[in-house]
Amino acid sequence: MADIVNLRQFKKQKARTERETLADRNRALHGRTKAEKQRDQLTSERADKFVDDHRRERDPEKSDR
């Protein structure tokens with residue numbers, strides 16, 4: 001004789017697995033860890049600071065050129 005299956009539980013389990021597969025797919029496409037975001041932000045800030053620190057400022061008196 002076949003096993004009795006509760007359809008409500010079966011539907012819930014199926015929906016749960018579908019949500020998990022979608023979440024895994026989205027994590028692979030869009031997911032970045034907090035550490036990766038902080039590293040990228042720090043790298044960007046360092047590059048901006050480097051450029052700003054090495055910028056030559058012109059004197060307003062010598063701007064006749």
# chains A, B, ... in the order shown; residues from 1 in each chain; ligands from 1
call {"tool": "select_by_dssp", "arguments": {"residues": "chain A", "states": "alpha helix (DSSP H)", "output": "PyMOL selection string"}}
result
chain A and resi 7-30+34-53
call {"tool": "atom_distance", "arguments": {"atom1": "CA of Ala23 (chain A)", "atom2": "CA of Lys11 (chain A)"}}
result
18.3 Å
call {"tool": "decode", "arguments": {"residues": "region 16-27 of chain A", "atoms": "C-alpha atoms", "output": "PDB file, in the first residue's frame"}}
result
ATOM      1  CA  ARG A  16      10.169  26.261   0.729  1.00  0.00           C
ATOM      2  CA  THR A  17      12.638  24.473  -1.557  1.00  0.00           C
ATOM      3  CA  GLU A  18      11.761  26.750  -4.478  1.00  0.00           C
ATOM      4  CA  ARG A  19      12.403  29.837  -2.336  1.00  0.00           C
ATOM      5  CA  GLU A  20      15.735  28.385  -1.230  1.00  0.00           C
ATOM      6  CA  THR A  21      16.873  27.706  -4.796  1.00  0.00           C
ATOM      7  CA  LEU A  22      15.871  31.238  -5.816  1.00  0.00           C
ATOM      8  CA  ALA A  23      17.725  32.678  -2.823  1.00  0.00           C
ATOM      9  CA  ASP A  24      20.854  30.673  -3.683  1.00  0.00           C
ATOM     10  CA  ARG A  25      20.715  31.907  -7.253  1.00  0.00           C
ATOM     11  CA  ASN A  26      20.327  35.539  -6.107  1.00  0.00           C
ATOM     12  CA  ARG A  27      23.189  35.178  -3.622  1.00  0.00           C
TER      13      ARG A  27
END
